[in-house]
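A.B. asks: Contents of target14.txt (compact mmCIF, C-alpha atoms and all ligand atoms) are below:
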# COMPACT_ATOMS: atom_id res chain seq x y z
CA MET R 5 -49.53 188.91 -77.23
CA THR R 6 -46.03 188.25 -78.48
CA GLY R 7 -45.16 185.53 -80.91
CA LYS R 8 -42.43 182.96 -80.47
CA VAL R 9 -39.50 182.60 -82.84
CA ILE R 10 -38.37 179.05 -83.56
CA THR R 11 -35.26 178.48 -85.66
CA ILE R 12 -34.71 175.14 -87.35
CA THR R 13 -31.06 174.39 -88.07
CA SER R 14 -28.77 171.35 -88.42
CA GLY R 15 -25.15 171.92 -89.33
CA LYS R 16 -25.22 169.31 -92.08
CA GLY R 17 -27.20 169.96 -95.25
CA GLY R 18 -30.08 167.91 -96.56
CA VAL R 19 -31.26 166.44 -93.27
CA GLY R 20 -34.81 167.85 -93.43
CA LYS R 21 -34.82 171.43 -92.09
CA THR R 22 -37.01 172.84 -94.85
CA THR R 23 -39.33 169.84 -94.66
CA ALA R 24 -39.64 170.35 -90.90
CA VAL R 25 -40.33 174.08 -91.19
CA ALA R 26 -43.03 173.59 -93.84
CA ASN R 27 -44.75 170.83 -91.89
CA LEU R 28 -44.56 172.49 -88.48
CA ALA R 29 -45.90 175.70 -90.00
CA VAL R 30 -48.82 173.86 -91.58
CA ALA R 31 -49.53 171.94 -88.37
CA LEU R 32 -49.51 175.09 -86.22
CA ALA R 33 -51.65 177.01 -88.70
CA ALA R 34 -54.12 174.11 -88.94
CA ASP R 35 -54.41 174.40 -85.17
CA GLY R 36 -55.68 177.94 -85.65
CA LYS R 37 -52.46 179.85 -85.02
CA LYS R 38 -51.07 182.74 -87.03
CA VAL R 39 -47.80 181.55 -88.51
CA VAL R 40 -45.05 183.13 -90.60
CA CYS R 41 -42.18 181.10 -91.93
CA ILE R 42 -39.03 182.80 -93.08
CA ASP R 43 -36.73 181.19 -95.60
CA GLY R 44 -33.28 182.04 -94.26
CA ASP R 45 -31.42 180.28 -97.03
CA ILE R 46 -30.56 183.29 -99.15
CA GLY R 47 -29.31 182.31 -102.61
CA LEU R 48 -30.77 178.80 -102.29
CA ARG R 49 -34.47 179.50 -101.89
CA ASN R 50 -36.46 176.29 -101.29
CA LEU R 51 -39.21 176.71 -98.76
CA ASP R 52 -41.41 178.34 -101.43
CA VAL R 53 -41.49 175.21 -103.59
CA VAL R 54 -41.95 172.84 -100.67
CA MET R 55 -44.98 174.92 -99.66
CA GLY R 56 -46.20 175.28 -103.24
CA LEU R 57 -46.00 179.08 -103.23
CA GLU R 58 -43.25 179.66 -105.79
CA ASN R 59 -45.54 181.34 -108.31
CA ARG R 60 -46.73 184.00 -105.91
CA ILE R 61 -43.44 185.61 -104.98
CA VAL R 62 -43.17 189.33 -105.65
CA TYR R 63 -40.96 190.59 -102.81
CA ASP R 64 -38.45 188.73 -100.67
CA ILE R 65 -36.67 189.14 -97.35
CA VAL R 66 -33.91 191.32 -98.80
CA ASP R 67 -36.55 193.70 -100.19
CA VAL R 68 -37.99 193.96 -96.67
CA VAL R 69 -34.62 194.51 -95.00
CA GLU R 70 -33.55 197.08 -97.58
CA GLY R 71 -36.86 198.91 -97.30
CA ARG R 72 -38.17 198.32 -100.85
CA CYS R 73 -41.44 196.99 -99.49
CA LYS R 74 -43.42 196.67 -96.29
CA THR R 75 -43.10 193.41 -94.34
CA ARG R 76 -46.78 192.69 -95.12
CA GLN R 77 -46.12 192.90 -98.85
CA ALA R 78 -43.47 190.17 -98.69
CA MET R 79 -45.71 187.83 -96.70
CA ILE R 80 -47.20 185.31 -99.13
CA ARG R 81 -50.44 183.79 -97.95
CA ASP R 82 -50.70 179.99 -98.08
CA LYS R 83 -53.20 178.46 -100.51
CA ARG R 84 -54.93 176.26 -97.98
CA LEU R 85 -54.42 177.98 -94.64
CA PRO R 86 -55.33 181.68 -94.56
CA GLU R 87 -53.34 182.36 -91.37
CA LEU R 88 -50.10 180.90 -92.75
CA PHE R 89 -47.54 183.09 -94.52
CA LEU R 90 -44.13 182.72 -96.10
CA ILE R 91 -41.43 185.35 -96.37
CA PRO R 92 -39.23 183.96 -99.14
CA ALA R 93 -35.47 184.16 -99.39
CA ALA R 94 -33.85 186.25 -102.12
CA GLN R 95 -32.56 184.01 -104.85
CA THR R 96 -29.97 186.23 -106.49
CA ARG R 97 -28.36 187.86 -103.48
CA ASP R 98 -25.83 186.55 -101.01
CA LYS R 99 -26.17 185.94 -97.30
CA ASN R 100 -24.48 189.19 -96.37
CA ALA R 101 -27.47 191.14 -97.68
CA VAL R 102 -29.10 190.38 -94.32
CA SER R 103 -27.51 190.80 -90.88
CA PRO R 104 -28.37 189.21 -87.53
CA SER R 105 -29.74 192.53 -86.29
CA ASP R 106 -31.96 192.81 -89.41
CA MET R 107 -33.41 189.44 -88.45
CA VAL R 108 -33.99 190.52 -84.87
CA ARG R 109 -35.74 193.69 -86.06
CA LEU R 110 -37.93 191.82 -88.56
CA CYS R 111 -38.95 189.20 -86.00
CA ASP R 112 -39.70 191.83 -83.37
CA GLU R 113 -42.08 193.44 -85.82
CA LEU R 114 -43.72 190.11 -86.69
CA ARG R 115 -44.06 189.09 -83.04
CA GLN R 116 -46.63 191.85 -82.53
CA ASP R 117 -49.44 189.97 -84.23
CA ILE R 118 -48.10 186.56 -85.21
CA ASP R 119 -48.14 183.53 -82.89
CA TRP R 120 -45.32 181.52 -84.39
CA ILE R 121 -42.39 182.62 -86.52
CA LEU R 122 -40.44 179.70 -87.95
CA ILE R 123 -37.03 180.33 -89.49
CA ASP R 124 -35.54 177.86 -91.97
CA SER R 125 -31.79 178.09 -91.43
CA PRO R 126 -29.35 177.23 -94.19
CA ALA R 127 -26.88 174.39 -93.60
CA GLY R 128 -23.48 175.26 -92.18
CA ILE R 129 -22.38 177.53 -89.36
CA GLU R 130 -21.66 180.69 -91.32
CA ARG R 131 -23.52 183.98 -91.77
CA GLY R 132 -26.86 182.44 -92.80
CA PHE R 133 -26.84 180.30 -89.67
CA ARG R 134 -25.92 183.32 -87.53
CA ASN R 135 -28.78 185.27 -89.09
CA ALA R 136 -31.22 182.45 -88.43
CA ILE R 137 -30.37 181.95 -84.76
CA ALA R 138 -30.08 185.64 -83.83
CA PRO R 139 -33.80 186.21 -83.14
CA ALA R 140 -34.59 182.68 -81.90
CA ASP R 141 -36.46 182.06 -78.68
CA LYS R 142 -35.96 178.37 -79.24
CA VAL R 143 -33.73 176.40 -81.60
CA LEU R 144 -34.61 173.01 -83.03
CA ILE R 145 -31.76 170.96 -84.43
CA VAL R 146 -32.70 168.46 -87.11
CA THR R 147 -30.46 165.45 -87.53
CA ASN R 148 -30.51 162.05 -89.19
CA PRO R 149 -29.41 158.84 -87.44
CA GLU R 150 -26.13 158.88 -89.29
CA MET R 151 -22.47 159.68 -88.47
CA SER R 152 -21.88 163.04 -90.08
CA ALA R 153 -25.34 164.46 -89.34
CA VAL R 154 -24.94 163.65 -85.63
CA ARG R 155 -21.42 165.03 -85.53
CA ASP R 156 -22.49 168.28 -87.17
CA ALA R 157 -25.50 168.53 -84.87
CA ASP R 158 -23.15 168.29 -81.90
CA ARG R 159 -21.05 171.10 -83.29
CA VAL R 160 -24.15 173.29 -83.58
CA VAL R 161 -25.19 172.45 -80.01
CA GLY R 162 -21.72 173.57 -78.90
CA LEU R 163 -22.04 176.86 -80.79
CA LEU R 164 -25.47 177.51 -79.31
CA GLU R 165 -24.11 176.80 -75.82
CA ALA R 166 -21.34 179.31 -76.44
CA GLU R 167 -23.91 181.89 -77.58
CA GLU R 168 -26.01 181.18 -74.47
CA LYS R 169 -29.02 180.61 -76.72
CA GLY R 170 -30.72 178.34 -74.22
CA SER R 171 -30.84 174.63 -74.68
CA PRO R 172 -31.91 173.46 -78.13
CA SER R 173 -34.21 170.52 -78.83
CA LEU R 174 -33.60 167.71 -81.24
CA VAL R 175 -35.64 166.36 -84.15
CA VAL R 176 -34.39 163.00 -85.36
CA ASN R 177 -35.60 162.68 -88.94
CA ARG R 178 -35.61 159.81 -91.46
CA LEU R 179 -35.55 156.94 -89.02
CA ASN R 180 -35.83 153.55 -90.63
CA PRO R 181 -37.21 151.11 -88.02
CA ALA R 182 -36.20 148.02 -90.03
CA MET R 183 -32.57 149.17 -90.23
CA ILE R 184 -32.52 150.01 -86.53
CA LYS R 185 -33.93 146.58 -85.75
CA ARG R 186 -31.16 144.82 -87.61
CA GLY R 187 -28.52 146.98 -85.98
CA ASP R 188 -27.58 149.02 -89.01
CA MET R 189 -28.92 152.39 -87.96
CA LEU R 190 -28.40 154.45 -84.82
CA SER R 191 -31.56 154.44 -82.72
CA VAL R 192 -33.07 157.53 -81.11
CA ASP R 193 -31.62 156.23 -77.83
CA ASP R 194 -28.16 156.17 -79.37
CA VAL R 195 -28.51 159.66 -80.80
CA TYR R 196 -29.76 160.94 -77.45
CA ASP R 197 -26.86 159.26 -75.62
CA LEU R 198 -24.42 160.98 -77.95
CA LEU R 199 -25.89 164.47 -78.06
CA ARG R 200 -27.62 164.68 -74.68
CA ILE R 201 -30.18 167.27 -75.63
CA ASP R 202 -33.92 167.08 -75.23
CA VAL R 203 -35.65 165.13 -78.04
CA ILE R 204 -38.77 166.93 -79.27
CA GLY R 205 -39.50 164.86 -82.35
CA ILE R 206 -38.93 161.55 -84.06
CA VAL R 207 -39.83 161.38 -87.74
CA PRO R 208 -39.73 158.17 -89.76
CA GLU R 209 -38.37 157.88 -93.26
CA ASP R 210 -41.48 158.23 -95.42
CA GLU R 211 -41.59 158.41 -99.19
CA ASN R 212 -44.73 160.52 -98.98
CA VAL R 213 -42.52 163.39 -97.83
CA ILE R 214 -41.14 163.51 -101.36
CA VAL R 215 -44.58 163.07 -102.93
CA ALA R 216 -45.83 165.97 -100.80
CA SER R 217 -42.98 168.20 -101.86
CA ASN R 218 -43.59 167.27 -105.51
CA ARG R 219 -47.13 168.54 -105.01
CA GLY R 220 -46.14 171.56 -102.95
CA ALA R 221 -48.47 170.50 -100.15
CA PRO R 222 -46.74 169.54 -96.85
CA LEU R 223 -48.15 166.28 -95.52
CA ALA R 224 -48.82 167.51 -92.00
CA LEU R 225 -52.45 167.88 -93.09
CA GLU R 226 -52.74 164.22 -94.13
CA ALA R 227 -54.38 162.40 -91.27
CA LYS R 228 -52.96 158.97 -92.00
CA SER R 229 -49.39 159.88 -92.87
CA ARG R 230 -46.85 158.72 -90.23
CA ALA R 231 -44.39 161.49 -90.95
CA GLY R 232 -47.29 163.94 -90.95
CA GLN R 233 -48.38 162.66 -87.54
CA ALA R 234 -44.81 162.99 -86.28
CA PHE R 235 -44.70 166.65 -87.36
CA ARG R 236 -48.12 167.34 -85.87
CA ASN R 237 -46.84 165.89 -82.59
CA ILE R 238 -43.82 168.20 -82.63
CA ALA R 239 -46.11 171.18 -83.20
CA ARG R 240 -48.24 170.13 -80.22
CA ARG R 241 -45.14 169.79 -78.06
CA LEU R 242 -44.00 173.26 -79.10
CA GLU R 243 -47.36 174.51 -77.91
CA GLY R 244 -46.61 173.00 -74.52
CA HIS R 245 -48.66 169.82 -74.68
CA GLN R 246 -47.43 166.47 -73.43
CA VAL R 247 -47.64 164.17 -76.43
CA PRO R 248 -46.36 160.60 -76.21
CA PHE R 249 -43.89 159.53 -78.87
CA MET R 250 -45.09 157.31 -81.70
CA GLU R 251 -44.60 153.54 -81.82
CA LEU R 252 -41.36 153.32 -83.77
CA GLU R 253 -39.23 154.45 -80.88
CA SER R 254 -37.95 152.02 -78.31
CA GLN R 255 -39.10 151.68 -74.74
CA GLY R 256 -35.76 152.93 -73.44
CA LEU R 257 -36.09 156.43 -74.80
CA TRP R 258 -39.62 156.86 -73.64
CA GLU R 259 -38.68 155.87 -70.11
CA ARG R 260 -35.71 158.17 -70.19
CA LEU R 261 -37.76 161.12 -71.39
CA ALA R 262 -40.36 160.44 -68.74
CA ARG R 263 -37.55 160.48 -66.19
CA MET R 264 -36.20 163.74 -67.58
CA GLY R 265 -39.65 165.27 -67.45
CA ARG R 266 -39.96 164.49 -63.77
CA LYS R 267 -36.76 166.36 -62.85
CA MET E 8 -29.00 140.98 -83.33
CA SER E 9 -27.19 137.73 -82.44
CA PHE E 10 -25.33 137.20 -79.19
CA PHE E 11 -22.07 137.15 -81.12
CA GLU E 12 -22.80 140.45 -82.77
CA ARG E 13 -23.72 141.98 -79.47
CA LEU E 14 -20.52 140.65 -77.92
CA THR E 15 -18.22 141.89 -80.63
CA GLY E 16 -20.09 145.05 -81.53
CA LYS E 17 -19.99 143.96 -85.15
CA LYS E 18 -23.22 145.67 -86.18
CA SER E 19 -22.65 148.92 -87.98
CA ALA E 20 -24.84 150.96 -85.64
CA SER E 21 -22.74 150.04 -82.63
CA SER E 22 -19.49 150.89 -84.37
CA ALA E 23 -21.07 154.17 -85.47
CA LYS E 24 -21.95 154.92 -81.87
CA GLU E 25 -18.51 154.00 -80.54
CA ARG E 26 -16.74 156.02 -83.19
CA LEU E 27 -19.01 159.00 -82.65
CA GLN E 28 -18.47 158.90 -78.90
CA LEU E 29 -14.75 159.41 -79.46
CA VAL E 30 -15.09 161.92 -82.26
CA LEU E 31 -17.53 164.08 -80.30
CA ILE E 32 -15.43 164.16 -77.17
CA HIS E 33 -12.41 165.38 -79.13
CA ASP E 34 -14.50 167.83 -81.19
CA ARG E 35 -16.03 169.34 -78.08
CA VAL E 36 -12.76 170.12 -76.35
CA ASP E 37 -10.89 170.79 -79.59
CA LEU E 38 -8.16 168.39 -78.56
CA THR E 39 -6.96 165.81 -81.04
CA PRO E 40 -5.62 162.47 -79.83
CA ALA E 41 -2.13 163.62 -80.90
CA VAL E 42 -2.32 166.78 -78.79
CA LEU E 43 -3.63 164.74 -75.88
CA ASP E 44 -0.56 162.46 -76.17
CA ALA E 45 1.77 165.46 -76.15
CA LEU E 46 -0.05 166.85 -73.12
CA LYS E 47 0.38 163.57 -71.33
CA GLU E 48 4.13 163.50 -72.03
CA GLU E 49 4.59 167.00 -70.65
CA LEU E 50 2.47 166.27 -67.63
CA LEU E 51 4.57 163.21 -66.84
CA ALA E 52 7.82 165.14 -67.25
CA VAL E 53 6.69 167.81 -64.79
CA ILE E 54 5.44 165.35 -62.22
CA SER E 55 8.54 163.16 -62.45
CA ARG E 56 10.64 166.13 -61.45
CA HIS E 57 9.02 166.09 -58.03
CA VAL E 58 7.92 162.53 -57.34
CA ASP E 59 8.81 159.07 -58.47
CA ILE E 60 6.26 157.64 -60.91
CA ASP E 61 6.02 154.72 -63.27
CA PRO E 62 5.10 156.19 -66.69
CA SER E 63 3.57 152.92 -67.87
CA SER E 64 0.96 152.93 -65.11
CA VAL E 65 -0.27 156.46 -65.81
CA HIS E 66 -3.69 157.03 -67.37
CA VAL E 67 -4.60 160.41 -68.81
CA GLU E 68 -7.87 160.51 -70.72
CA LEU E 69 -10.91 162.52 -71.65
CA ALA E 70 -14.14 161.49 -70.02
CA SER E 71 -17.61 162.87 -70.49
CA GLU E 72 -20.62 163.34 -68.28
CA GLY E 73 -23.64 164.48 -70.23
CA ARG E 74 -22.31 167.31 -72.37
CA ASN E 75 -19.41 168.10 -70.03
CA GLN E 76 -15.92 166.88 -70.64
CA ARG E 77 -13.14 166.41 -68.15
CA LEU E 78 -9.52 165.48 -68.32
CA VAL E 79 -8.93 162.64 -65.91
CA ALA E 80 -5.40 161.77 -64.82
CA ASP E 81 -4.71 158.73 -62.71
CA ILE E 82 -1.07 158.73 -61.63
CA PRO E 83 -0.05 156.02 -59.15
CA LEU E 84 2.86 157.11 -56.99
CA LYS E 85 5.73 154.75 -56.10
CA ALA E 86 6.47 154.20 -52.45
CA ALA E 87 9.62 156.01 -51.31
CA ALA E 88 12.64 153.68 -51.59
CA ARG E 89 13.76 154.28 -48.04
CA GLN E 90 12.36 155.96 -44.98
CA ARG E 91 13.70 159.44 -44.43
CA ALA E 92 15.44 159.80 -41.05
CA ARG E 93 13.77 162.21 -38.65
N1 LIG T 301 -38.78 161.94 -93.21
C1 LIG T 301 -38.42 161.95 -94.50
N2 LIG T 301 -38.66 160.88 -95.28
C2 LIG T 301 -38.29 160.88 -96.58
N3 LIG T 301 -37.67 161.89 -97.19
C3 LIG T 301 -37.39 162.99 -96.48
C4 LIG T 301 -37.75 163.09 -95.09
N4 LIG T 301 -37.35 164.29 -94.64
C5 LIG T 301 -36.77 164.92 -95.69
N5 LIG T 301 -36.79 164.15 -96.79
C6 LIG T 301 -36.26 164.50 -98.13
O1 LIG T 301 -34.89 164.80 -97.97
C7 LIG T 301 -34.51 165.83 -98.86
C8 LIG T 301 -33.86 166.97 -98.07
O2 LIG T 301 -34.84 167.56 -97.23
P1 LIG T 301 -34.84 169.12 -96.94
O3 LIG T 301 -34.75 169.90 -98.19
O4 LIG T 301 -35.98 169.38 -96.03
O5 LIG T 301 -33.47 169.24 -96.15
P2 LIG T 301 -32.72 170.57 -95.69
O6 LIG T 301 -32.08 170.23 -94.39
O7 LIG T 301 -33.64 171.73 -95.72
O8 LIG T 301 -31.62 170.72 -96.82
P3 LIG T 301 -30.65 171.98 -97.09
O9 LIG T 301 -29.56 171.87 -96.07
O10 LIG T 301 -30.17 171.77 -98.47
O11 LIG T 301 -31.48 173.22 -96.91
C9 LIG T 301 -35.76 166.26 -99.58
O12 LIG T 301 -35.78 165.62 -100.82
C10 LIG T 301 -36.87 165.75 -98.69
O13 LIG T 301 -38.04 165.47 -99.42
MG MG T 302 -33.41 173.63 -96.71
What is this structure when it is put down as structure tokens?

C.D. replies:
Amino acid sequence: MTGKVITITSGKGGVGKTTAVANLAVALAADGKKVVCIDGDIGLRNLDVVMGLENRIVYDIVDVVEGRCKTRQAMIRDKRLPELFLIPAAQTRDKNAVSPSDMVRLCDELRQDIDWILIDSPAGIERGFRNAIAPADKVLIVTNPEMSAVRDADRVVGLLEAEEKGSPSLVVNRLNPAMIKRGDMLSVDDVYDLLRIDVIGIVPEDENVIVASNRGAPLALEAKSRAGQAFRNIARRLEGHQVPFMELESQGLWERLARMGRK
Amino acid sequence: MSFFERLTGKKSASSAKERLQLVLIHDRVDLTPAVLDALKEELLAVISRHVDIDPSSVHVELASEGRNQRLVADIPLKAAARQRAR
């Protein structure tokens, strides 16, 4: 058995990468899979607080790469899901402490007995981004239905094409159906038309995302949360299941995706 | 959205989409509108050396199909002024 490495990146900052990683990790682990998430944002560690594990950190990814501890020792076990682990970023080092080949080596080790390895990429297209995509089997690009997020996402798609990383999939996060309805927000159709990459997830704006991160408990476990459902659906799609998109998206996209699927 | 808004593209989402369409096409090929204009001028100069063209009827533009861009030049040629004797 070899695990799959999924890197979540975006170009623009603040669009929801860390939120997506935490929720996908929780959803996959709740489905009985062994999951490790790696915080790739060295110097700006965040995934630990979103997952509520900040008080348990002893070693971090730089300790692993520099041989101060075993990989196992840097894997922090989740409070609720025993098969979910976090390898935190170093907070006081810079991105050059880790290289793309370090990431490949680490992930190759993890692949041996882990089903899913999720990497939280930092914003931008510099070293941290290069590190995050180096070991990826599949890249997810998170964007918001907004000018600069879409533009930056396109730039990242271009870079991935140049690296021959295979075709990435898109997560459109923070959709506001009311704004789309009155013509003041790009719809998923619009974003798809512009970027022309496969859409794997559509996540509504949901204030519970912030509540969940206040609590350090990703909402993918909350049965009635819409954003939680959206993340659970993405996890299922990653696992190869056909899952219809939720209500908020328009007919057009669904038909188009169905058409794409038939090709 | 009202008919008027649809007609004029006044809603902010449609102007966002239009603006992004242009921005992305130029980002992807790393060609600014200014460079494209210069390219067009040079292209016209070269072609005019060999055939008779009307610069005002020439269209040179970037077009996209999916994620692929192409440079499309439409250059109508003028009919020769007089038939060459054989
Ligand atoms: N669907 C959503 N609804 C409401 N708030 C959201 C949603 N997704 C993310 N947020 C909020 O947006 C903020 C940024 O999210 P997050 O930290 O996941 O982004 P990021 O892409 O990881 O940022 P950075 O580039 O700084 O690493 C957070 O406060 C988060 O709670
Ligand atoms: Mg982040």

A.B. asks: Counting all atoms listed in the file, collect the residues of chain R whose closest atom lies at most 7 Å from chain E, and write them out as a list in words.

C.D. replies: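 The selection requested is Met151, Arg155, Arg186, Gly187, Asp188, Met189, Leu190, Asp194, Leu198 and Arg200 of chain R.
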
A.B. asks: Just the selected residues (C-alpha atoms), exported as a compact mmCIF listing (two decimals), in the coordinates of the input, please.

C.D. replies:
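Below is the file part-v4.txt, written as the result:
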# COMPACT_ATOMS: atom_id res chain seq x y z
CA MET R 151 -22.47 159.68 -88.47
CA ARG R 155 -21.42 165.03 -85.53
CA ARG R 186 -31.16 144.82 -87.61
CA GLY R 187 -28.52 146.98 -85.98
CA ASP R 188 -27.58 149.02 -89.01
CA MET R 189 -28.92 152.39 -87.96
CA LEU R 190 -28.40 154.45 -84.82
CA ASP R 194 -28.16 156.17 -79.37
CA LEU R 198 -24.42 160.98 -77.95
CA ARG R 200 -27.62 164.68 -74.68

A.B. asks: May I have the residues within 12 Å of E:Leu50 as an MDAnalysis selection string, using only C-alpha atoms and disregarding those fewer than 5 positions away in the same chain?

C.D. replies: chainID E and resid 43:45 55:57 60 62 65:67 80:82

A.B. asks: Please, which residues have at least one atom within 6 Å of an atom of ligand LIG 301 (chain T), using all atoms listed in the file, listed as a PyMOL selection string?

C.D. replies: chain R and resi 17-23+126-127+177-178+207-211+213-214

A.B. asks: For R:Val195, find every residue with an atom within 9 Å (counting only C-alpha atoms), except residues of its own chain fewer than 2 positions away, and show them as a list of chain:residue names.

C.D. replies: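 Non-adjacent residues within range: R:Asn148, R:Pro149, R:Glu150, R:Val154, R:Val176, R:Leu190, R:Ser191, R:Val192, R:Asp193, R:Asp197, R:Leu198, R:Leu199, R:Arg200, E:Lys24.
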
A.B. asks: Between atom CA of R:Pro222 and atom CA of R:Val25, what distance in Å does the model show, to one decimal?

C.D. replies: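 Answer for the atom CA of R:Pro222 to atom CA of R:Val25 separation: 9.7 Å.
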
A.B. asks: Within 9 Å of stretch 133-146 of chain R, counting all atoms listed in the file, which residues qualify if same-chain residues fewer than 3 places away don't, as a VMD selection string?

C.D. replies: chain R and resid 8 to 15 19 to 21 24 44 to 45 99 102 to 112 122 to 130 153 157 160 to 161 164 169 to 177 204

A.B. asks: From the list R:Asp35, R:Glu165, R:Asp43, R:Asp119, which residue is nearest ligand MG 302 (chain T) when using only C-alpha atoms and all ligand atoms?

C.D. replies: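 Selected residue with least distance to ligand MG 302 (chain T): R:Asp43.
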
A.B. asks: What is the distance between atom CA of R:Asp64 and atom CA of R:Ala78, in Å to one decimal?

C.D. replies: 5.6 Å

A.B. asks: What is the distance between atom CA of R:Thr75 and atom CA of R:Arg97, in Å to one decimal?

C.D. replies: 18.2 Å

A.B. asks: Between R:Lys16, R:Lys37, R:Arg84, R:Arg230, which is the closest to R:Leu179 once you count all atoms listed in the file?

C.D. replies: R:Arg230

A.B. asks: Extract, using all atoms listed in the file, all DNA, RNA and protein residues at most 10 Å from R:Lys38, discarding same-chain residues fewer than 3 positions from it, and format them as a PyMOL selection string.

C.D. replies: chain R and resi 7+29+32-35+85-89+117-121
